[in-house]
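Taking it in order: structure first as structure tokens, then the write-up.
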Amino acid sequence: MYKIGDKVVYPNHGAGTIVSIETKTILDEKKEYYIMKLPIGEMKVMIPVEKVDEIGIRRVIDEQTADEVFDLLRGDKSKMSQNWNRRYRANMEKLKTGDIFEVGEVVRNLTIRDQEKGLSTGEKKMLSNARQILISELVLAKDMSKEDIQEKLDKLFAEHEEDNEE
């Protein structure tokens with residue numbers, strides 16, 4: 001059971017803070033919901049309390065784990081299918097897990113691929129979404145602003161691109 005103020009991750013949506021726990025009646029059924037506020041876009045999400053395990057809600061990573069994510073992002077891209085359809089499906093599965101390292105891998109691999117060969121419209125959208133999910137959790141884990149995290153990622157991938165050009 002989470003409480004108000006807890007920082008949690010909603011797979012495929014990103015990280016946020018539980019701002020309230022409310023009882024709502026929807027379709028004549030009374031249920032308790034966590035109201036989670038996402039730091040990016042000021043969006044609020046209602047999460048049925050009884051479904052948190054099924055959905056895969058988890059606590060935000062700690063600062064040390066966030067540093068490990070940055071180490072992963074500095075790494076080389078992992079082997080991906082040349083077939084964009086297979087690659088897209090594999091990346092979708094990784095994003096659905098809600099695991100920060102899987103999300104980080106998708107961001108790293110697609111960013112590097114974009115630098116090398118460019119991405120399809122679908123993969124560009126996926127990269128943008130994965131980046132938002134990653135940033136939302138890193139913002140809460142590192143207690144930094146969205147802009148600072150974005151800048152850190154941009155710098156990291158710019159260095160990666162320079163290394164590959166040498």
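By order of appearance in the structure tokens: chains A, B, ..., then residues from 1 within every chain, and ligands from 1 in the order shown.
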List as a tab-separated table every residue of range 6-37 of chain A that is in contact with range 53-75 of chain A, defined as an atom at most 10 Å from one of its atoms (using only C-alpha atoms), together with the nearest atom pair and the distance in Å rounded to one decimal, sorted by chain and then rising number.
residue	atom	partner	partner_atom	distance
A:Asp6	CA	A:Arg59	CA	7.6
A:Lys7	CA	A:Val60	CA	5.6
A:Val8	CA	A:Arg59	CA	4.3
A:Val9	CA	A:Arg58	CA	5.4
A:Tyr10	CA	A:Ile57	CA	5.1
A:Pro11	CA	A:Gly56	CA	6.5
A:Gly14	CA	A:Val60	CA	9.7
A:Ala15	CA	A:Val60	CA	6.9
A:Gly16	CA	A:Val60	CA	8.4
A:Thr17	CA	A:Val60	CA	9.4
query = In range 6-84 of chain A, what's strand (DSSP E or B) per DSSP? Answer as a count of residues only?
reply = 33
inquiry  = Need the shell around Leu110 in chain A: protein/DNA/RNA residues with any atom at most 10 Å away, counting only C-alpha atoms. Skip same-chain ones fewer than 2 positions apart. Format as a list of chain:residue names?
reply    =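 Residues meeting the cut-off are A:Lys77, A:Met80, A:Arg87, A:Tyr88, A:Asn91, A:Gly104, A:Glu105, A:Val106, A:Val107, A:Arg108, A:Ile112, A:Arg113, A:Asp114, A:Gln115, A:Glu116, A:Gly118, A:Leu119, A:Glu123, A:Lys124, A:Met126, A:Leu127, A:Ser128, A:Ala130.
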Restricting the output to N, CA and C atoms, write the selected residues as a JSON list (two decimals), in the first residue's frame.
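In the end it all went to out_16.json:
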[["chain", "number", "residue", "atom", "x", "y", "z"],
["A", 77, "LYS", "N", 25.36, 0.53, -28.14],
["A", 77, "LYS", "CA", 24.03, -0.03, -28.37],
["A", 77, "LYS", "C", 24.12, -1.55, -28.43],
["A", 80, "MET", "N", 20.31, -5.20, -32.25],
["A", 80, "MET", "CA", 18.88, -5.05, -32.56],
["A", 80, "MET", "C", 18.61, -5.64, -33.93],
["A", 87, "ARG", "N", 12.14, -4.91, -34.48],
["A", 87, "ARG", "CA", 12.83, -4.00, -33.56],
["A", 87, "ARG", "C", 11.81, -3.19, -32.75],
["A", 88, "TYR", "N", 10.78, -2.70, -33.45],
["A", 88, "TYR", "CA", 9.72, -1.90, -32.81],
["A", 88, "TYR", "C", 9.01, -2.73, -31.75],
["A", 91, "ASN", "N", 11.25, -3.41, -28.73],
["A", 91, "ASN", "CA", 11.37, -2.20, -27.90],
["A", 91, "ASN", "C", 10.08, -1.93, -27.14],
["A", 104, "GLY", "N", 15.92, 2.56, -20.43],
["A", 104, "GLY", "CA", 17.20, 3.21, -20.75],
["A", 104, "GLY", "C", 17.85, 2.60, -21.98],
["A", 105, "GLU", "N", 17.76, 1.29, -22.09],
["A", 105, "GLU", "CA", 18.33, 0.59, -23.24],
["A", 105, "GLU", "C", 17.62, 1.01, -24.53],
["A", 106, "VAL", "N", 16.30, 1.13, -24.48],
["A", 106, "VAL", "CA", 15.54, 1.57, -25.66],
["A", 106, "VAL", "C", 15.96, 2.98, -26.05],
["A", 107, "VAL", "N", 16.07, 3.87, -25.06],
["A", 107, "VAL", "CA", 16.46, 5.26, -25.34],
["A", 107, "VAL", "C", 17.86, 5.29, -25.95],
["A", 108, "ARG", "N", 18.80, 4.56, -25.35],
["A", 108, "ARG", "CA", 20.18, 4.53, -25.85],
["A", 108, "ARG", "C", 20.23, 3.97, -27.28],
["A", 112, "ILE", "N", 21.18, 6.22, -30.62],
["A", 112, "ILE", "CA", 22.38, 5.90, -31.40],
["A", 112, "ILE", "C", 22.00, 5.55, -32.84],
["A", 113, "ARG", "N", 20.93, 4.77, -32.99],
["A", 113, "ARG", "CA", 20.49, 4.41, -34.35],
["A", 113, "ARG", "C", 20.07, 5.66, -35.12],
["A", 114, "ASP", "N", 19.41, 6.58, -34.43],
["A", 114, "ASP", "CA", 18.98, 7.83, -35.06],
["A", 114, "ASP", "C", 20.20, 8.62, -35.53],
["A", 115, "GLN", "N", 21.25, 8.66, -34.71],
["A", 115, "GLN", "CA", 22.48, 9.37, -35.07],
["A", 115, "GLN", "C", 23.16, 8.72, -36.27],
["A", 116, "GLU", "N", 23.10, 7.39, -36.35],
["A", 116, "GLU", "CA", 23.80, 6.66, -37.41],
["A", 116, "GLU", "C", 23.01, 6.59, -38.71],
["A", 118, "GLY", "N", 19.19, 7.32, -38.81],
["A", 118, "GLY", "CA", 17.87, 7.94, -38.78],
["A", 118, "GLY", "C", 16.82, 6.92, -38.37],
["A", 119, "LEU", "N", 15.66, 7.41, -37.97],
["A", 119, "LEU", "CA", 14.59, 6.54, -37.50],
["A", 119, "LEU", "C", 13.32, 6.77, -38.32],
["A", 123, "GLU", "N", 9.37, 4.97, -34.88],
["A", 123, "GLU", "CA", 10.47, 4.83, -33.92],
["A", 123, "GLU", "C", 10.84, 6.18, -33.30],
["A", 124, "LYS", "N", 10.69, 7.26, -34.06],
["A", 124, "LYS", "CA", 10.93, 8.59, -33.50],
["A", 124, "LYS", "C", 9.95, 8.87, -32.37],
["A", 126, "MET", "N", 8.39, 6.59, -30.61],
["A", 126, "MET", "CA", 8.73, 5.69, -29.51],
["A", 126, "MET", "C", 9.90, 6.24, -28.70],
["A", 127, "LEU", "N", 10.91, 6.76, -29.39],
["A", 127, "LEU", "CA", 12.06, 7.34, -28.71],
["A", 127, "LEU", "C", 11.63, 8.51, -27.84],
["A", 128, "SER", "N", 10.79, 9.36, -28.38],
["A", 128, "SER", "CA", 10.30, 10.52, -27.64],
["A", 128, "SER", "C", 9.55, 10.08, -26.38],
["A", 130, "ALA", "N", 9.78, 7.07, -24.82],
["A", 130, "ALA", "CA", 10.70, 6.38, -23.91],
["A", 130, "ALA", "C", 11.57, 7.40, -23.16]]
ask   = If you run DSSP on the backbone, which residues of range 2-161 of chain A are helix (DSSP H, G or I), as a PyMOL selection string?
value = chain A and resi 49-55+63-74+84-97+100-116+121-142+146-161
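You can rank A:Arg131, A:Lys117, A:Lys96, A:Lys30 by their closest distance to Gln82 in chain A using only C-alpha atoms, and at the top of that list sits A:Lys117.
Of note, CA of Gln150 in chain A and CA of Glu102 in chain A are spaced 18.4 Å apart.
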inquiry  = What's the separation between CA of Gly98 in chain A and CA of Ser136 in chain A, in Å to one decimal place?
reply    =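 Between these atoms lies a distance of 12.2 Å.
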